[in-house]
$ cat target_16.csv   # CSV, C-alpha atoms
chain,number,residue,atom,x,y,z
A,1,MET,CA,79.1,130.7,72.9
A,2,ARG,CA,80.6,131.9,69.6
A,3,PHE,CA,77.1,133.0,68.4
A,4,LEU,CA,77.1,135.6,71.3
A,5,TRP,CA,80.0,137.6,69.9
A,6,ARG,CA,78.4,137.5,66.4
A,7,THR,CA,75.0,138.7,67.4
A,8,ALA,CA,75.3,140.8,70.6
A,9,SER,CA,75.3,144.5,70.0
A,10,PRO,CA,77.3,147.1,71.9
A,11,ALA,CA,74.0,148.5,73.3
A,12,LEU,CA,73.2,145.0,74.7
A,13,TRP,CA,76.6,144.8,76.4
A,14,ARG,CA,76.1,148.2,77.9
A,15,ASP,CA,72.6,147.3,79.3
A,16,VAL,CA,73.9,144.0,80.6
A,17,GLY,CA,76.8,145.8,82.3
A,18,LEU,CA,74.5,148.2,84.1
A,19,VAL,CA,72.4,145.4,85.4
A,20,CYS,CA,75.5,143.6,86.5
A,21,VAL,CA,76.8,146.6,88.5
A,22,ALA,CA,73.4,146.9,90.2
A,23,ASP,CA,73.3,143.3,91.2
A,24,GLY,CA,77.0,143.2,92.1
A,25,ILE,CA,76.3,145.8,94.9
A,26,VAL,CA,73.5,143.6,96.2
A,27,GLY,CA,75.8,140.5,96.0
A,28,VAL,CA,78.5,142.2,98.1
A,29,SER,CA,75.8,143.2,100.6
A,30,PHE,CA,74.4,139.7,100.7
A,31,GLY,CA,77.8,138.1,101.3
A,32,ALA,CA,78.8,140.6,103.9
A,33,THR,CA,75.5,140.4,105.8
A,34,ALA,CA,75.4,136.6,105.8
A,35,ILE,CA,78.9,136.6,107.3
A,36,GLY,CA,78.1,139.5,109.7
A,37,GLY,CA,75.2,137.5,111.0
A,38,GLY,CA,77.5,134.6,111.9
A,39,LEU,CA,76.9,132.2,109.0
A,40,PRO,CA,80.0,130.2,107.7
A,41,TRP,CA,81.5,131.5,104.5
A,42,TRP,CA,80.3,128.6,102.4
A,43,VAL,CA,76.6,129.3,103.0
A,44,PRO,CA,76.3,132.4,100.8
A,45,VAL,CA,78.8,131.0,98.3
A,46,ALA,CA,77.0,127.7,97.9
A,47,LEU,CA,73.6,129.5,97.7
A,48,SER,CA,74.9,131.8,95.0
A,49,LEU,CA,76.4,129.0,92.9
A,50,LEU,CA,73.6,126.4,93.3
A,51,VAL,CA,70.4,128.4,93.8
A,52,PHE,CA,71.4,131.5,91.8
A,53,ALA,CA,68.3,133.5,92.7
A,54,GLY,CA,69.0,136.6,94.7
A,55,GLY,CA,65.6,137.2,96.2
A,56,ALA,CA,65.3,133.6,97.4
A,57,GLN,CA,68.9,133.6,98.7
A,58,ILE,CA,68.3,136.8,100.7
A,59,ALA,CA,65.0,135.5,102.0
A,60,ALA,CA,66.5,132.2,103.1
A,61,VAL,CA,69.4,133.8,104.8
A,62,GLY,CA,67.1,136.4,106.3
A,63,VAL,CA,64.9,133.7,107.8
A,64,VAL,CA,67.9,131.8,109.3
A,65,LEU,CA,69.5,135.0,110.7
A,66,ALA,CA,66.2,135.8,112.4
A,67,GLY,CA,66.4,132.5,114.1
A,68,GLY,CA,64.1,130.5,111.8
A,69,SER,CA,64.6,126.8,111.0
A,70,PRO,CA,66.3,125.7,107.8
A,71,LEU,CA,63.0,124.2,106.7
A,72,ALA,CA,61.3,127.6,106.9
A,73,ALA,CA,64.2,129.1,105.0
A,74,VAL,CA,63.9,126.6,102.2
A,75,LEU,CA,60.1,127.0,102.0
A,76,ALA,CA,60.4,130.8,101.9
A,77,GLY,CA,63.0,130.6,99.1
A,78,ALA,CA,61.0,128.0,97.2
A,79,VAL,CA,57.8,130.0,97.3
A,80,LEU,CA,59.7,133.1,95.9
A,81,ASN,CA,61.2,130.9,93.2
A,82,THR,CA,57.8,129.6,91.9
A,83,ARG,CA,58.0,132.6,89.6
A,84,LEU,CA,60.8,130.9,87.7
A,85,PHE,CA,58.2,128.3,86.6
A,86,PRO,CA,56.3,130.6,84.2
A,87,TYR,CA,59.7,132.2,83.3
A,88,GLY,CA,60.9,128.8,82.0
A,89,PHE,CA,58.0,128.6,79.6
A,90,ALA,CA,58.6,132.2,78.5
A,91,VAL,CA,62.2,131.6,77.4
A,92,ALA,CA,62.1,127.8,76.5
A,93,ASP,CA,62.9,128.6,72.9
A,94,VAL,CA,66.2,130.3,73.7
A,95,VAL,CA,67.5,128.2,76.6
A,96,GLY,CA,68.9,125.5,74.3
A,97,PRO,CA,71.6,125.9,71.7
A,98,ALA,CA,71.0,127.7,68.4
A,99,GLY,CA,69.6,125.9,65.4
A,100,ARG,CA,71.4,122.8,64.1
A,101,THR,CA,75.0,124.0,64.5
A,102,GLY,CA,77.7,121.8,65.9
A,103,ALA,CA,78.3,118.1,65.8
A,104,SER,CA,75.5,115.6,64.9
A,105,GLY,CA,74.9,112.2,66.3
A,106,ALA,CA,75.2,111.1,69.9
A,107,ARG,CA,77.9,113.7,70.8
A,108,GLY,CA,75.8,116.4,69.4
A,109,VAL,CA,72.7,115.3,71.4
A,110,VAL,CA,74.8,115.3,74.6
A,111,ARG,CA,76.2,118.7,73.8
A,112,ARG,CA,72.8,120.2,73.1
A,113,TRP,CA,71.4,118.9,76.4
A,114,LEU,CA,74.4,120.2,78.3
A,115,VAL,CA,73.9,123.7,76.8
A,116,ARG,CA,70.2,123.4,77.7
A,117,LEU,CA,70.8,122.4,81.3
A,118,LEU,CA,73.4,125.2,81.7
A,119,GLY,CA,71.0,127.8,80.1
A,120,THR,CA,68.3,126.6,82.5
A,121,GLN,CA,70.4,127.6,85.5
A,122,VAL,CA,70.7,131.2,84.3
A,123,ILE,CA,66.9,131.8,84.0
A,124,THR,CA,66.4,134.9,86.2
A,125,ASP,CA,64.2,138.0,86.4
A,126,GLU,CA,66.8,139.9,84.4
A,127,SER,CA,67.7,137.4,81.7
A,128,VAL,CA,64.0,136.7,81.0
A,129,ALA,CA,63.3,140.5,80.9
A,130,PHE,CA,66.2,140.9,78.4
A,131,ALA,CA,64.9,138.1,76.2
A,132,LEU,CA,61.3,139.4,76.2
A,133,ARG,CA,62.5,142.8,74.9
A,134,HIS,CA,63.2,141.2,71.5
A,135,SER,CA,61.0,139.2,69.1
A,136,ASP,CA,63.7,138.2,66.6
A,137,PRO,CA,64.9,134.7,67.7
A,138,ALA,CA,68.7,135.4,67.3
A,139,ARG,CA,68.5,138.6,69.3
A,140,ARG,CA,66.3,137.0,72.0
A,141,ARG,CA,68.9,134.3,72.3
A,142,SER,CA,71.9,136.6,72.5
A,143,ALA,CA,70.1,138.9,75.0
A,144,PHE,CA,69.2,136.0,77.2
A,145,TRP,CA,72.6,134.4,77.2
A,146,ALA,CA,74.6,137.6,77.5
A,147,CYS,CA,72.6,138.7,80.6
A,148,GLY,CA,72.3,135.2,82.1
A,149,VAL,CA,76.0,134.3,81.9
A,150,GLY,CA,77.2,137.9,82.7
A,151,LEU,CA,75.0,137.9,85.9
A,152,PHE,CA,76.1,134.4,86.9
A,153,VAL,CA,79.8,135.5,86.8
A,154,ILE,CA,79.3,138.9,88.5
A,155,TRP,CA,76.9,137.7,91.1
A,156,ASN,CA,79.2,134.9,92.4
A,157,LEU,CA,82.3,137.1,92.3
A,158,SER,CA,80.5,139.9,94.2
A,159,VAL,CA,79.2,137.5,96.8
A,160,LEU,CA,82.8,136.3,97.3
A,161,LEU,CA,83.9,139.9,97.7
A,162,GLY,CA,81.1,140.5,100.2
A,163,VAL,CA,82.2,137.4,102.2
A,164,ALA,CA,85.8,138.7,102.3
A,165,LEU,CA,84.6,142.2,103.4
A,166,GLY,CA,82.2,140.7,106.0
A,167,SER,CA,85.0,138.6,107.5
A,168,ALA,CA,87.2,141.7,107.7
A,169,VAL,CA,84.6,144.1,109.2
A,170,ARG,CA,83.3,143.0,112.6
A,171,ASN,CA,80.2,145.0,112.9
A,172,THR,CA,78.3,145.2,109.6
A,173,ASP,CA,75.3,146.8,111.3
A,174,ALA,CA,77.4,150.0,111.7
A,175,PHE,CA,77.4,150.3,107.9
A,176,GLY,CA,73.6,149.8,107.8
A,177,LEU,CA,74.0,146.6,105.8
A,178,ASP,CA,71.1,145.1,107.7
A,179,ALA,CA,68.8,147.7,106.0
A,180,THR,CA,69.8,146.5,102.5
A,181,PHE,CA,67.9,143.2,102.7
A,182,PRO,CA,64.4,144.7,103.3
A,183,ALA,CA,65.3,147.5,100.8
A,184,VAL,CA,66.0,144.9,98.1
A,185,MET,CA,62.8,143.0,98.8
A,186,LEU,CA,60.8,146.2,98.6
A,187,ALA,CA,62.5,147.3,95.4
A,188,LEU,CA,61.7,143.9,93.8
A,189,ALA,CA,58.1,143.9,95.0
A,190,LEU,CA,57.0,147.5,94.3
A,191,PRO,CA,56.8,147.1,90.5
A,192,THR,CA,54.6,144.0,90.9
A,193,LEU,CA,52.0,145.9,93.0
A,194,THR,CA,50.1,146.9,89.9
A,195,SER,CA,46.6,145.8,90.7
A,196,LYS,CA,44.4,146.5,93.7
A,197,PRO,CA,43.8,142.8,94.7
A,198,THR,CA,47.6,142.3,94.7
A,199,ARG,CA,48.2,145.4,96.9
A,200,VAL,CA,45.4,144.3,99.3
A,201,ALA,CA,46.9,140.8,99.5
A,202,ALA,CA,50.4,142.1,100.1
A,203,GLY,CA,49.3,144.6,102.7
A,204,THR,CA,47.3,142.0,104.6
A,205,GLY,CA,50.2,139.6,104.5
A,206,ALA,CA,52.6,142.2,105.8
A,207,VAL,CA,50.3,143.1,108.7
A,208,ILE,CA,49.8,139.4,109.5
A,209,ALA,CA,53.6,138.7,109.5
A,210,VAL,CA,54.6,141.7,111.6
A,211,ALA,CA,51.7,141.1,114.1
A,212,LEU,CA,52.7,137.4,114.6
A,213,THR,CA,56.5,138.0,114.8
A,214,PRO,CA,56.5,138.5,118.6
A,215,VAL,CA,54.5,135.4,119.3
A,216,LEU,CA,55.4,132.7,116.7
A,217,PRO,CA,58.8,131.0,116.1
A,218,ALA,CA,60.9,132.7,113.5
A,219,GLY,CA,60.0,131.8,109.9
A,220,LEU,CA,56.3,130.9,110.6
A,221,PRO,CA,55.0,134.6,110.5
A,222,LEU,CA,56.3,134.8,107.0
A,223,LEU,CA,54.5,131.7,105.8
A,224,ALA,CA,51.4,132.9,107.7
A,225,ALA,CA,51.6,136.0,105.5
A,226,LEU,CA,50.6,133.9,102.5
A,227,GLY,CA,47.1,134.0,104.2
A,228,GLY,CA,47.0,137.4,102.6
A,229,LEU,CA,46.3,135.6,99.4
A,230,GLY,CA,42.9,134.6,100.8
A,231,THR,CA,41.8,138.1,99.9
A,232,ARG,CA,42.0,137.2,96.2
A,233,TRP,CA,38.7,135.3,96.0
A,234,SER,CA,38.2,135.9,92.3
A,235,GLY,CA,41.6,134.5,91.4
A,236,TRP,CA,41.0,131.3,93.4
A,237,ARG,CA,37.5,130.9,91.8
A,238,ARG,CA,38.8,131.4,88.3
A,239,LEU,CA,41.6,128.9,89.0
A,240,ALA,CA,39.2,126.3,90.4
A,241,GLY,CA,36.9,126.8,87.4
A,242,ARG,CA,39.7,126.5,84.9
A,243,TRP,CA,41.0,123.2,86.3
A,244,SER,CA,37.7,121.5,87.0
A,245,ARG,CA,36.2,122.4,83.6
A,246,PRO,CA,37.0,120.2,80.5
A,247,VAL,CA,38.8,122.1,77.7
A,248,PRO,CA,36.3,124.5,76.3
A,249,SER,CA,35.2,123.6,72.8
A,250,GLY,CA,33.0,126.6,72.1
A,251,HIS,CA,33.6,130.3,72.2
A,252,GLY,CA,33.7,132.7,75.1
A,253,ASP,CA,35.3,130.5,77.8
A,254,GLY,CA,38.7,131.5,78.9
A,255,THR,CA,38.8,134.9,77.3
A,256,GLY,CA,39.1,136.4,80.8
A,257,ASP,CA,42.1,134.2,81.4
A,258,ASP,CA,43.8,135.4,78.2
A,259,ASP,CA,43.4,139.0,79.4
A,260,GLY,CA,45.0,138.1,82.7
A,261,GLY,CA,47.9,136.5,80.9
A,262,ALA,CA,48.6,139.5,78.8
A,263,ALA,CA,48.6,141.8,81.8
A,264,LEU,CA,50.9,139.4,83.7
A,265,ASP,CA,53.4,139.5,80.9
A,266,LYS,CA,53.7,143.2,81.3
A,267,ASP,CA,54.0,143.0,85.1
A,268,GLU,CA,56.7,140.3,84.9
A,269,VAL,CA,59.1,142.2,82.7
A,270,ARG,CA,61.1,144.0,85.3
A,271,VAL,CA,64.2,145.1,83.6
A,272,GLY,CA,67.1,145.8,85.9
A,273,GLY,CA,65.0,144.8,88.9
A,274,GLY,CA,67.9,143.3,90.7
A,275,ARG,CA,68.5,139.8,91.9
B,1,MET,CA,72.1,127.6,111.0
B,2,MET,CA,71.8,126.7,107.3
B,3,PRO,CA,73.0,123.1,106.7
B,4,MET,CA,74.3,122.1,103.2
B,5,ALA,CA,71.4,119.7,102.8
B,6,ALA,CA,69.0,122.7,103.1
B,7,ILE,CA,71.0,124.6,100.4
B,8,VAL,CA,70.9,121.6,98.1
B,9,ALA,CA,67.2,121.1,98.7
B,10,LEU,CA,66.5,124.8,97.8
B,11,ALA,CA,68.8,124.4,94.7
B,12,VAL,CA,67.0,121.3,93.5
B,13,VAL,CA,63.5,122.8,93.9
B,14,THR,CA,64.6,126.0,92.2
B,15,TYR,CA,66.2,124.1,89.3
B,16,GLY,CA,63.0,122.1,89.0
B,17,PHE,CA,61.0,125.3,88.6
B,18,ARG,CA,63.4,126.5,86.0
B,19,LEU,CA,63.6,123.3,84.0
B,20,THR,CA,59.8,122.5,83.7
B,21,GLY,CA,59.2,125.0,81.0
B,22,PRO,CA,62.1,124.1,78.7
B,23,LEU,CA,61.3,120.3,79.2
B,24,LEU,CA,57.5,120.7,78.5
B,25,ARG,CA,57.9,123.3,75.8
B,26,GLY,CA,55.0,123.2,73.4
B,27,ARG,CA,53.2,120.4,75.2
B,28,VAL,CA,51.7,122.1,78.2
B,29,THR,CA,50.5,125.6,79.0
B,30,VAL,CA,50.1,127.0,82.6
B,31,PRO,CA,46.6,128.4,83.3
B,32,ALA,CA,46.9,132.2,83.4
B,33,ALA,CA,45.1,132.3,86.7
B,34,ALA,CA,47.7,129.9,88.2
B,35,GLU,CA,50.5,132.1,86.9
B,36,ARG,CA,48.8,135.1,88.5
B,37,LEU,CA,48.5,133.3,91.9
B,38,PHE,CA,52.2,132.3,91.7
B,39,ALA,CA,53.2,135.9,91.0
B,40,ASP,CA,51.0,137.2,93.8
B,41,ALA,CA,52.3,134.6,96.3
B,42,ALA,CA,55.8,135.9,95.5
B,43,THR,CA,54.8,139.5,95.9
B,44,VAL,CA,53.0,138.8,99.2
B,45,LEU,CA,56.1,137.1,100.5
B,46,LEU,CA,58.5,139.8,99.4
B,47,ILE,CA,56.4,142.6,101.0
B,48,ALA,CA,56.0,140.5,104.2
B,49,LEU,CA,59.7,139.9,104.3
B,50,ALA,CA,60.4,143.5,103.7
B,51,ALA,CA,58.1,144.5,106.5
B,52,THR,CA,59.3,142.0,109.1
B,53,SER,CA,63.0,142.4,108.3
B,54,ALA,CA,62.7,146.2,108.4
B,55,LEU,CA,60.7,146.4,111.6
B,56,THR,CA,61.7,143.4,113.7
B,57,ALA,CA,64.8,141.8,115.1
B,58,GLY,CA,64.2,138.4,116.8
B,59,HIS,CA,60.8,138.8,118.5
B,60,GLY,CA,61.1,142.5,119.1
B,61,PHE,CA,61.3,145.9,117.5
B,62,ALA,CA,64.5,146.5,115.4
B,63,GLY,CA,64.9,150.2,116.5
B,64,TRP,CA,64.2,153.3,114.3
B,65,ALA,CA,67.4,153.4,112.2
B,66,ARG,CA,66.7,150.4,110.0
B,67,PRO,CA,63.0,151.1,109.2
B,68,ALA,CA,63.9,154.7,108.4
B,69,GLY,CA,66.6,153.6,106.0
B,70,VAL,CA,64.2,151.1,104.3
B,71,LEU,CA,61.5,153.8,104.1
B,72,VAL,CA,63.8,156.2,102.2
B,73,ALA,CA,64.9,153.3,99.9
B,74,GLY,CA,61.2,152.4,99.3
B,75,MET,CA,60.4,156.0,98.4
B,76,LEU,CA,63.4,156.1,96.0
B,77,ALA,CA,62.3,152.8,94.5
B,78,ALA,CA,58.8,154.0,94.0
B,79,ARG,CA,60.2,157.0,92.1
B,80,ARG,CA,62.1,154.5,89.9
B,81,ALA,CA,65.5,155.4,91.2
B,82,PRO,CA,68.3,153.1,89.9
B,83,PHE,CA,68.7,149.9,91.9
B,84,PRO,CA,72.2,150.7,93.2
B,85,VAL,CA,71.0,154.1,94.5
B,86,VAL,CA,68.1,152.4,96.4
B,87,VAL,CA,70.4,149.9,98.1
B,88,ILE,CA,73.1,152.4,99.0
B,89,ALA,CA,70.5,154.8,100.3
B,90,ALA,CA,69.1,152.2,102.6
B,91,ALA,CA,72.5,151.4,104.1
B,92,GLY,CA,73.6,155.0,104.2
B,93,VAL,CA,70.6,156.5,106.0
B,94,THR,CA,70.6,153.6,108.5
B,95,ALA,CA,74.4,154.0,109.1
B,96,LEU,CA,74.2,157.8,109.5
B,97,LEU,CA,71.2,157.5,112.0
B,98,ARG,CA,73.2,155.0,114.0
B,99,LEU,CA,76.2,157.3,113.9
B,100,ALA,CA,74.0,160.0,115.3
B,101,GLY,CA,72.9,157.8,118.1
B,102,VAL,CA,69.5,156.6,116.9
B,103,GLY,CA,68.9,152.9,117.8
$ encode --input "target_16.csv" --output "structure tokens"
Amino acid sequence: MRFLWRTASPALWRDVGLVCVADGIVGVSFGATAIGGGLPWWVPVALSLLVFAGGAQIAAVGVVLAGGSPLAAVLAGAVLNTRLFPYGFAVADVVGPAGRTGASGARGVVRRWLVRLLGTQVITDESVAFALRHSDPARRRSAFWACGVGLFVIWNLSVLLGVALGSAVRNTDAFGLDATFPAVMLALALPTLTSKPTRVAAGTGAVIAVALTPVLPAGLPLLAALGGLGTRWSGWRRLAGRWSRPVPSGHGDGTGDDDGGAALDKDEVRVGGGR
Amino acid sequence: MMPMAAIVALAVVTYGFRLTGPLLRGRVTVPAAAERLFADAATVLLIALAATSALTAGHGFAGWARPAGVLVAGMLAARRAPFPVVVIAAAGVTALLRLAGVG
């Protein structure tokens, strides 16, 4: 971690601090709401340590508090976390240790892998966004690690604090804490509603989910909302074409996909979007 | 209920998503169209979750206080208000409405 103190600027620490404060408030709310809903204290704590993905944690607990099965909760959380898959490719160069510093030989290899596995756990919306703001490798690395490690510490501490508060306060609904979950979801989703097909798909999914809530077991309406993706015909067609075609050897093919990728990169950078 | 096994399952799946990129670095690229679909699936889920958790409790209507708080928070978020402001507004508006006797 020594490289962090050498390369991180005061401006970076200030930005990381602001994001940590924002996410800390959500963490407190998450811990308190989970306890207020009647879950044992170790559920939010274990989720925060092991899953460390705020949106998925809130979604999973939300499904369970609404009476859904653990399977539905895991599925909802897993679908939300598919976005970490492209993130992993985006920051693959900075997740491992810097350069060839440190011990060589077998111990060095073990140490490098340990750092890489730890860095992998702190891949989040925010740490990726911080890394993508820089092109210089050293600054990318320090931005990613400062944000990732800072958030991991603050997030888990704030969830613990929320658990303590939730245990002390009997009726968390009186403080309106139940409104913070949907508010966080909305705040996370709004910046991604950049294109019309996405807005149509999301709107359709929301109507499906709300309409089915009175009649289906909890958790299922949410999964049914994914039917809203059916409105994105062009995306499915393009995907099918891409995977069934052999690698294009000529020109022209795939240029549309490249445009899509560039647009996605912009959408995905949501600085300070909260966990 | 949320058993430890479910938490571990979600943790393993999540870690798998995170690890694939660093493991396959430079060897595989994700089709851009697939990335878009992943991103849209997450957006659809987030909006559906926001809608159901704002409007419903169990199989019924959640009352007016909660959706009102979420609506104010959503308007603030659309105006790019800072994240803590959005979260506190949601809780504050809902709590005040309940204090005033709105269900």
$ interface_residues --input "target_16.csv" --of "chain B" --to "chain A" --cutoff "7 Å" --atoms "all atoms listed in the file" --output "VMD selection string"
chain B and resid 1 to 2 6 to 7 10 to 11 13 to 15 17 to 22 25 32 to 36 38 to 54 57 to 60 66 69 to 70 73 to 74 77 to 78 83 to 84 87 90 to 92 94 to 95 98
$ write_last_selection --input "target_16.csv" --atoms "C-alpha atoms" --output "PDB file, keeping the file's coordinate frame"
ATOM      1  CA  MET B   1      72.100 127.600 111.000  1.00  0.00           C
ATOM      2  CA  MET B   2      71.800 126.700 107.300  1.00  0.00           C
ATOM      3  CA  ALA B   6      69.000 122.700 103.100  1.00  0.00           C
ATOM      4  CA  ILE B   7      71.000 124.600 100.400  1.00  0.00           C
ATOM      5  CA  LEU B  10      66.500 124.800  97.800  1.00  0.00           C
ATOM      6  CA  ALA B  11      68.800 124.400  94.700  1.00  0.00           C
ATOM      7  CA  VAL B  13      63.500 122.800  93.900  1.00  0.00           C
ATOM      8  CA  THR B  14      64.600 126.000  92.200  1.00  0.00           C
ATOM      9  CA  TYR B  15      66.200 124.100  89.300  1.00  0.00           C
ATOM     10  CA  PHE B  17      61.000 125.300  88.600  1.00  0.00           C
ATOM     11  CA  ARG B  18      63.400 126.500  86.000  1.00  0.00           C
ATOM     12  CA  LEU B  19      63.600 123.300  84.000  1.00  0.00           C
ATOM     13  CA  THR B  20      59.800 122.500  83.700  1.00  0.00           C
ATOM     14  CA  GLY B  21      59.200 125.000  81.000  1.00  0.00           C
ATOM     15  CA  PRO B  22      62.100 124.100  78.700  1.00  0.00           C
ATOM     16  CA  ARG B  25      57.900 123.300  75.800  1.00  0.00           C
ATOM     17  CA  ALA B  32      46.900 132.200  83.400  1.00  0.00           C
ATOM     18  CA  ALA B  33      45.100 132.300  86.700  1.00  0.00           C
ATOM     19  CA  ALA B  34      47.700 129.900  88.200  1.00  0.00           C
ATOM     20  CA  GLU B  35      50.500 132.100  86.900  1.00  0.00           C
ATOM     21  CA  ARG B  36      48.800 135.100  88.500  1.00  0.00           C
ATOM     22  CA  PHE B  38      52.200 132.300  91.700  1.00  0.00           C
ATOM     23  CA  ALA B  39      53.200 135.900  91.000  1.00  0.00           C
ATOM     24  CA  ASP B  40      51.000 137.200  93.800  1.00  0.00           C
ATOM     25  CA  ALA B  41      52.300 134.600  96.300  1.00  0.00           C
ATOM     26  CA  ALA B  42      55.800 135.900  95.500  1.00  0.00           C
ATOM     27  CA  THR B  43      54.800 139.500  95.900  1.00  0.00           C
ATOM     28  CA  VAL B  44      53.000 138.800  99.200  1.00  0.00           C
ATOM     29  CA  LEU B  45      56.100 137.100 100.500  1.00  0.00           C
ATOM     30  CA  LEU B  46      58.500 139.800  99.400  1.00  0.00           C
ATOM     31  CA  ILE B  47      56.400 142.600 101.000  1.00  0.00           C
ATOM     32  CA  ALA B  48      56.000 140.500 104.200  1.00  0.00           C
ATOM     33  CA  LEU B  49      59.700 139.900 104.300  1.00  0.00           C
ATOM     34  CA  ALA B  50      60.400 143.500 103.700  1.00  0.00           C
ATOM     35  CA  ALA B  51      58.100 144.500 106.500  1.00  0.00           C
ATOM     36  CA  THR B  52      59.300 142.000 109.100  1.00  0.00           C
ATOM     37  CA  SER B  53      63.000 142.400 108.300  1.00  0.00           C
ATOM     38  CA  ALA B  54      62.700 146.200 108.400  1.00  0.00           C
ATOM     39  CA  ALA B  57      64.800 141.800 115.100  1.00  0.00           C
ATOM     40  CA  GLY B  58      64.200 138.400 116.800  1.00  0.00           C
ATOM     41  CA  HIS B  59      60.800 138.800 118.500  1.00  0.00           C
ATOM     42  CA  GLY B  60      61.100 142.500 119.100  1.00  0.00           C
ATOM     43  CA  ARG B  66      66.700 150.400 110.000  1.00  0.00           C
ATOM     44  CA  GLY B  69      66.600 153.600 106.000  1.00  0.00           C
ATOM     45  CA  VAL B  70      64.200 151.100 104.300  1.00  0.00           C
ATOM     46  CA  ALA B  73      64.900 153.300  99.900  1.00  0.00           C
ATOM     47  CA  GLY B  74      61.200 152.400  99.300  1.00  0.00           C
ATOM     48  CA  ALA B  77      62.300 152.800  94.500  1.00  0.00           C
ATOM     49  CA  ALA B  78      58.800 154.000  94.000  1.00  0.00           C
ATOM     50  CA  PHE B  83      68.700 149.900  91.900  1.00  0.00           C
ATOM     51  CA  PRO B  84      72.200 150.700  93.200  1.00  0.00           C
ATOM     52  CA  VAL B  87      70.400 149.900  98.100  1.00  0.00           C
ATOM     53  CA  ALA B  90      69.100 152.200 102.600  1.00  0.00           C
ATOM     54  CA  ALA B  91      72.500 151.400 104.100  1.00  0.00           C
ATOM     55  CA  GLY B  92      73.600 155.000 104.200  1.00  0.00           C
ATOM     56  CA  THR B  94      70.600 153.600 108.500  1.00  0.00           C
ATOM     57  CA  ALA B  95      74.400 154.000 109.100  1.00  0.00           C
ATOM     58  CA  ARG B  98      73.200 155.000 114.000  1.00  0.00           C
TER      59      ARG B  98
END
$ atom_distance --input "target_16.csv" --atom1 "CA of Thr33 (chain A)" --atom2 "CA of Val169 (chain A)"
10.4 Å
$ atom_distance --input "target_16.csv" --atom1 "CA of Val28 (chain A)" --atom2 "CA of Gly148 (chain A)"
18.5 Å
$ atom_distance --input "target_16.csv" --atom1 "CA of Arg111 (chain A)" --atom2 "CA of Arg27 (chain B)"
23.1 Å
